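Here's the structure we're looking at; comments come further down.
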Amino acid sequence: MNLAIKDIRYHLFKFITSTIGVGLILMVVLTIGGIIRGVILDSATIIQATGADLWVVEKDWLGPFVEISRLPEDYYHAIQAMHGVAEASPLATAWVHVERPFRPTPLMKFMYMNTVIGTRTMVRPGWMAIPHDLRFIVIGYEPGHIGGPPVIVAGRGIEASHYEIVADVRTGLQIGERIRMGDFDYTVVGLTKNMVAFTADPVIYATLDDAQNILFEADPDLLRNIRRRTRQQVLGAAQIAPRLSDPLANQASQIAENVSLVNAVAVKVKPGVPVETVAHEIERWKHLTVYTSAREVNMQLMGSNRLILLQLSLFRLILLVIAGVIIGLITYTFTLDKLKEIAVLKLLGTQTRRIYAMILEEAVLMGLLGTLLGATLEFASEPYFPRRVVATRGDVVQMLVVITVIAVLASIMAIRRATKVDPRSVLGT
Amino acid sequence: MEYAIQATDLSKSYGQGHTQVDALKGVNMTVRPGELFAIMGPSGSGKTTLLMILGLVTEPSEGRVLLEGQNIYNGTGLDLQRLRREKIGFIFQFSNLIPFLTAKENVLLSLELIGIFGRQADARAMELLEYLEVADRAGNLPEHLSGGERQRVAVARALANNPAIILADEPTAALDTERGLSVMRLLRKVSKEQGTAILVVTHDTRMISEVDGVIRLMDGRMVESDGSKQQSQPQSSR
């Protein structure tokens, strides 16, 4: 006969409500774990989906996603020719904002209420009505090379050399929709999925030429200004070579207008060739900085996201401790309610270990059921979070183990109380 | 074996020096199988202390206790918890059934404690509940039983391990006279039919008619033993 089960059956309502409370806390613990994993996955998504082993950027810069490095587009030809390189693909990447009409969601309104409290002077009244900037990262690649969308979930990939884009579903863009970036309109021809930057901004893929136009092409007024100033500088030398002055001036202004730049070159190394060796060779001969994919992911994680990840981890730890304290207190009060029964059981000669097992089993059962409830709620609520939340079965198994340990530790206080119960207390009363 | 339990020169003191309290002083008594004795006396007379010593939960300061001829204390190193679950049955004032177990499960628990499980335990539990006329209440929790029914289940639980002696601590105190007498008659029936020695601590003089003998305590001493109705008279040192 299992005394713990019998006791739970008797105090069913109390046990269920307590377990629901524990389950809700553990749901939050699991969700925070899922948020942390979501940030990590977001940080690795583009790097991994590209399939590159190395990322070549401007010397001493961290790019291409952490800092904006710039290097001439044609460098990739030289890198392609190096020993051990299977493929080198130039990429242009940058964050772009597009103004979109915006309708506040209930979650946004809730956030607004929280934001206003204590920060009224910092928040402009009616800010929710302000047009919403759709923020995303544009990745320009050469079709047929690495760096493009890994999967098309609707529509097709980019086929034309200009004005076609593939967008992540999280942008909210539809196939056939046109958006203006820079001086041109681009048509969404396909949708991809789960492609977000480490900031969780969704990705838009374009051809390298289009991306260069969007990212590097200057404003027409600025270009006219550059042309005029460059021409004047070159025309100053007209007295020495009058016939060359015009061609030189034109050439000089074209240099200033050159948009044949890229932010990085993604490199795939041939099988069997050590990645580090290729990276060293590129750095040595081309005076560039090379990062492995793992390092690139690490920079994103330990750069902008480091503090928020640590913050979330600490919060998760605190919640876990709170869950342990709550289980401990519930178990303790459960035990306090049974002191007389424990005394009777002791007087009847019940083995001490059986009494302690009853207390322990109830705590562990509450922890395990709470974890399963929390996990169920967590999985059910994941799609409703604005950012990626990814809890796994492994997380649940890990939580089951952790909560078992916590429940055992939490039972110690109750068991210590039970050890002090004197069986004589039921005699003479 | 002649005696179910035999106590010789039992004394129990608490504290030391000027704070020492003598709860029991030189008590002698014997009870044979099938005898029902009442222990009576005012509050503080040592009834509960005597019950605790005989129930193997408190060691006497002096004296000897033989349970079915076996010396219990005096450094014998016996597993008292085990002896208690195998040789002694307890009945309490408020029955003290385990509230989260049904009537039958309360009896089954005592059987499990002595290593009887499964169908054998089930049959024995039902047999006891039938014997005590509460078999129809076997599946009920204690809170759904009347006071008299609870005490009957408590008696069944006490009998489950086929004990050498049943110690009953004020089993009728929470009942009215009629139900109290009914419980005492039941205990008498059990002692006679099952051959179990029973010691009942009680304040209620109306219950004396049902017992074989009375042990009266006053300030820790045995002041009187009325064994006129008993088959074998309890001995007093004083």
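Just so we're on the same page: first chain in the structure tokens is A, next is B, and so on; residues restart at 1 for each chain, and ligands are numbered from 1 in the order they show up.
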
Practice prompt. Pick out the residues sitting within 7 Å of stretch 118-133 of chain B, and hand them over as a count of residues only; count only C-alpha atoms, and ignore anything fewer than 4 positions along from it in its own chain.
Written response: 7

Discussion item. Within 10 Å of chain A, which residues belong to chain B? Use only C-alpha atoms and report them as a PyMOL selection string.
Written reply: chain B and resi 43+47-49+51-52+55-58+80-86+88-94+96-102+105+108-110+112-114+117-118+141+157-158+168-170+201

Practice prompt. Please provide as a ChimeraX atom specification all residues within 7 Å of A:Arg135, with the sequence filter that same-chain residues fewer than 2 positions apart are discarded (counting only C-alpha atoms).
Written response: /A:95-98,133,201

Practice prompt. Using only C-alpha atoms, pick whichever of A:Ile415, A:Met358, A:Val189, A:Ile137 has the shortest atom-to-atom distance to A:Ile214.
Written response: A:Ile137

Discussion item. For a test of reading the model, state the distance in Å between atom CA of B:His144 and atom CA of B:Ala103, rounded to one decimal.
Written reply: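 Computing the Euclidean distance for atom CA of B:His144 and atom CA of B:Ala103 yields 9.7 Å.
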
Worksheet item: Excluding same-chain residues fewer than 6 positions from stretch 40-52 of chain A, what lies within 8 Å of it counting only C-alpha atoms, as a PyMOL selection string?
Response: chain A and resi 146-150+194-200+266-269+293+296-297+300-301+388

Discussion item. Please compute the atom CA of B:His18-atom CA of B:Met40 distance, one decimal, in Å.
Written reply: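 So the answer is 28.2 Å.
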
Item to complete: Extract the full set of helix (DSSP H, G or I) residues from stretch 28-196 of chain B according to DSSP on the backbone, and format it as JSON, numbers by chain.
Response: {"B": [47, 48, 49, 50, 51, 52, 53, 54, 80, 81, 82, 83, 84, 85, 86, 87, 103, 104, 105, 106, 107, 108, 109, 110, 111, 112, 113, 118, 119, 120, 121, 122, 123, 124, 125, 126, 127, 128, 129, 130, 131, 135, 136, 137, 142, 143, 144, 147, 148, 149, 150, 151, 152, 153, 154, 155, 156, 157, 158, 159, 160, 177, 178, 179, 180, 181, 182, 183, 184, 185, 186, 187, 188, 189, 190, 191, 192, 193, 194]}

Store the residues picked out above in a file with C-alpha atoms, as a PDB file, in the first residue's frame.
```pdb
ATOM      1  CA  LYS B  47      -1.506   5.702  33.879  1.00  0.00           C
ATOM      2  CA  THR B  48      -0.105   6.996  30.604  1.00  0.00           C
ATOM      3  CA  THR B  49       3.490   6.436  31.733  1.00  0.00           C
ATOM      4  CA  LEU B  50       2.639   2.828  32.550  1.00  0.00           C
ATOM      5  CA  LEU B  51       0.952   2.478  29.155  1.00  0.00           C
ATOM      6  CA  MET B  52       4.021   3.928  27.418  1.00  0.00           C
ATOM      7  CA  ILE B  53       6.353   1.531  29.190  1.00  0.00           C
ATOM      8  CA  LEU B  54       4.141  -1.467  28.462  1.00  0.00           C
ATOM      9  CA  LEU B  80      11.379  -2.304  20.072  1.00  0.00           C
ATOM     10  CA  GLN B  81       9.743  -0.865  16.947  1.00  0.00           C
ATOM     11  CA  ARG B  82       9.566  -4.349  15.468  1.00  0.00           C
ATOM     12  CA  LEU B  83       8.311  -5.879  18.728  1.00  0.00           C
ATOM     13  CA  ARG B  84       5.673  -3.199  18.911  1.00  0.00           C
ATOM     14  CA  ARG B  85       4.286  -3.908  15.457  1.00  0.00           C
ATOM     15  CA  GLU B  86       4.393  -7.682  15.976  1.00  0.00           C
ATOM     16  CA  LYS B  87       3.268  -8.106  19.583  1.00  0.00           C
ATOM     17  CA  ALA B 103     -11.486   1.156   7.248  1.00  0.00           C
ATOM     18  CA  LYS B 104     -10.137  -1.891   5.454  1.00  0.00           C
ATOM     19  CA  GLU B 105      -6.879  -0.157   4.507  1.00  0.00           C
ATOM     20  CA  ASN B 106      -6.324   0.818   8.140  1.00  0.00           C
ATOM     21  CA  VAL B 107      -6.445  -2.875   9.020  1.00  0.00           C
ATOM     22  CA  LEU B 108      -4.376  -3.821   5.971  1.00  0.00           C
ATOM     23  CA  LEU B 109      -1.662  -1.391   7.044  1.00  0.00           C
ATOM     24  CA  SER B 110      -1.165  -3.267  10.317  1.00  0.00           C
ATOM     25  CA  LEU B 111      -1.012  -6.528   8.397  1.00  0.00           C
ATOM     26  CA  GLU B 112       1.539  -5.122   5.971  1.00  0.00           C
ATOM     27  CA  LEU B 113       3.686  -4.028   8.882  1.00  0.00           C
ATOM     28  CA  GLY B 118      -2.081  -9.522  -0.992  1.00  0.00           C
ATOM     29  CA  ARG B 119      -5.035 -11.882  -0.824  1.00  0.00           C
ATOM     30  CA  GLN B 120      -4.009 -13.266   2.530  1.00  0.00           C
ATOM     31  CA  ALA B 121      -4.014  -9.765   4.019  1.00  0.00           C
ATOM     32  CA  ASP B 122      -7.252  -8.949   2.262  1.00  0.00           C
ATOM     33  CA  ALA B 123      -8.992 -12.039   3.644  1.00  0.00           C
ATOM     34  CA  ARG B 124      -7.690 -11.445   7.159  1.00  0.00           C
ATOM     35  CA  ALA B 125      -8.771  -7.777   7.103  1.00  0.00           C
ATOM     36  CA  MET B 126     -12.290  -8.670   5.968  1.00  0.00           C
ATOM     37  CA  GLU B 127     -12.454 -11.456   8.501  1.00  0.00           C
ATOM     38  CA  LEU B 128     -11.629  -9.029  11.308  1.00  0.00           C
ATOM     39  CA  LEU B 129     -14.064  -6.402  10.042  1.00  0.00           C
ATOM     40  CA  GLU B 130     -16.797  -9.032   9.838  1.00  0.00           C
ATOM     41  CA  TYR B 131     -15.940 -10.256  13.328  1.00  0.00           C
ATOM     42  CA  ALA B 135     -17.492  -5.277   7.167  1.00  0.00           C
ATOM     43  CA  ASP B 136     -20.141  -3.277   5.314  1.00  0.00           C
ATOM     44  CA  ARG B 137     -18.143  -0.128   6.097  1.00  0.00           C
ATOM     45  CA  PRO B 142     -12.915   7.145   8.932  1.00  0.00           C
ATOM     46  CA  GLU B 143     -14.642  10.520   8.542  1.00  0.00           C
ATOM     47  CA  HIS B 144     -17.660   8.692   7.152  1.00  0.00           C
ATOM     48  CA  GLY B 147     -17.673   7.080  16.628  1.00  0.00           C
ATOM     49  CA  GLY B 148     -18.621   3.510  17.546  1.00  0.00           C
ATOM     50  CA  GLU B 149     -17.770   2.213  14.096  1.00  0.00           C
ATOM     51  CA  ARG B 150     -14.400   3.915  14.201  1.00  0.00           C
ATOM     52  CA  GLN B 151     -13.572   2.240  17.495  1.00  0.00           C
ATOM     53  CA  ARG B 152     -14.606  -1.134  16.070  1.00  0.00           C
ATOM     54  CA  VAL B 153     -12.279  -0.565  13.120  1.00  0.00           C
ATOM     55  CA  ALA B 154      -9.573   0.513  15.587  1.00  0.00           C
ATOM     56  CA  VAL B 155     -10.083  -2.770  17.464  1.00  0.00           C
ATOM     57  CA  ALA B 156      -9.829  -4.654  14.183  1.00  0.00           C
ATOM     58  CA  ARG B 157      -6.581  -2.812  13.430  1.00  0.00           C
ATOM     59  CA  ALA B 158      -5.260  -3.628  16.890  1.00  0.00           C
ATOM     60  CA  LEU B 159      -6.115  -7.307  16.399  1.00  0.00           C
ATOM     61  CA  ALA B 160      -4.593  -7.503  12.927  1.00  0.00           C
ATOM     62  CA  THR B 177     -22.327   5.724  27.999  1.00  0.00           C
ATOM     63  CA  GLU B 178     -24.228   3.293  25.825  1.00  0.00           C
ATOM     64  CA  ARG B 179     -21.653   3.280  23.040  1.00  0.00           C
ATOM     65  CA  GLY B 180     -18.857   3.221  25.622  1.00  0.00           C
ATOM     66  CA  LEU B 181     -20.305   0.135  27.251  1.00  0.00           C
ATOM     67  CA  SER B 182     -20.766  -1.401  23.839  1.00  0.00           C
ATOM     68  CA  VAL B 183     -17.056  -0.909  23.094  1.00  0.00           C
ATOM     69  CA  MET B 184     -16.082  -2.368  26.487  1.00  0.00           C
ATOM     70  CA  ARG B 185     -18.293  -5.403  25.872  1.00  0.00           C
ATOM     71  CA  LEU B 186     -16.647  -5.748  22.509  1.00  0.00           C
ATOM     72  CA  LEU B 187     -13.193  -5.663  24.117  1.00  0.00           C
ATOM     73  CA  ARG B 188     -14.328  -8.237  26.608  1.00  0.00           C
ATOM     74  CA  LYS B 189     -15.600 -10.419  23.795  1.00  0.00           C
ATOM     75  CA  VAL B 190     -12.281 -10.035  21.951  1.00  0.00           C
ATOM     76  CA  SER B 191     -10.224 -10.899  24.997  1.00  0.00           C
ATOM     77  CA  LYS B 192     -12.267 -14.007  25.686  1.00  0.00           C
ATOM     78  CA  GLU B 193     -12.728 -15.235  22.130  1.00  0.00           C
ATOM     79  CA  GLN B 194      -9.337 -14.269  20.734  1.00  0.00           C
TER      80      GLN B 194
END
```

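Across the structure, atom CA of A:Thr376 and atom CA of A:Val325 are spaced 22.3 Å apart.
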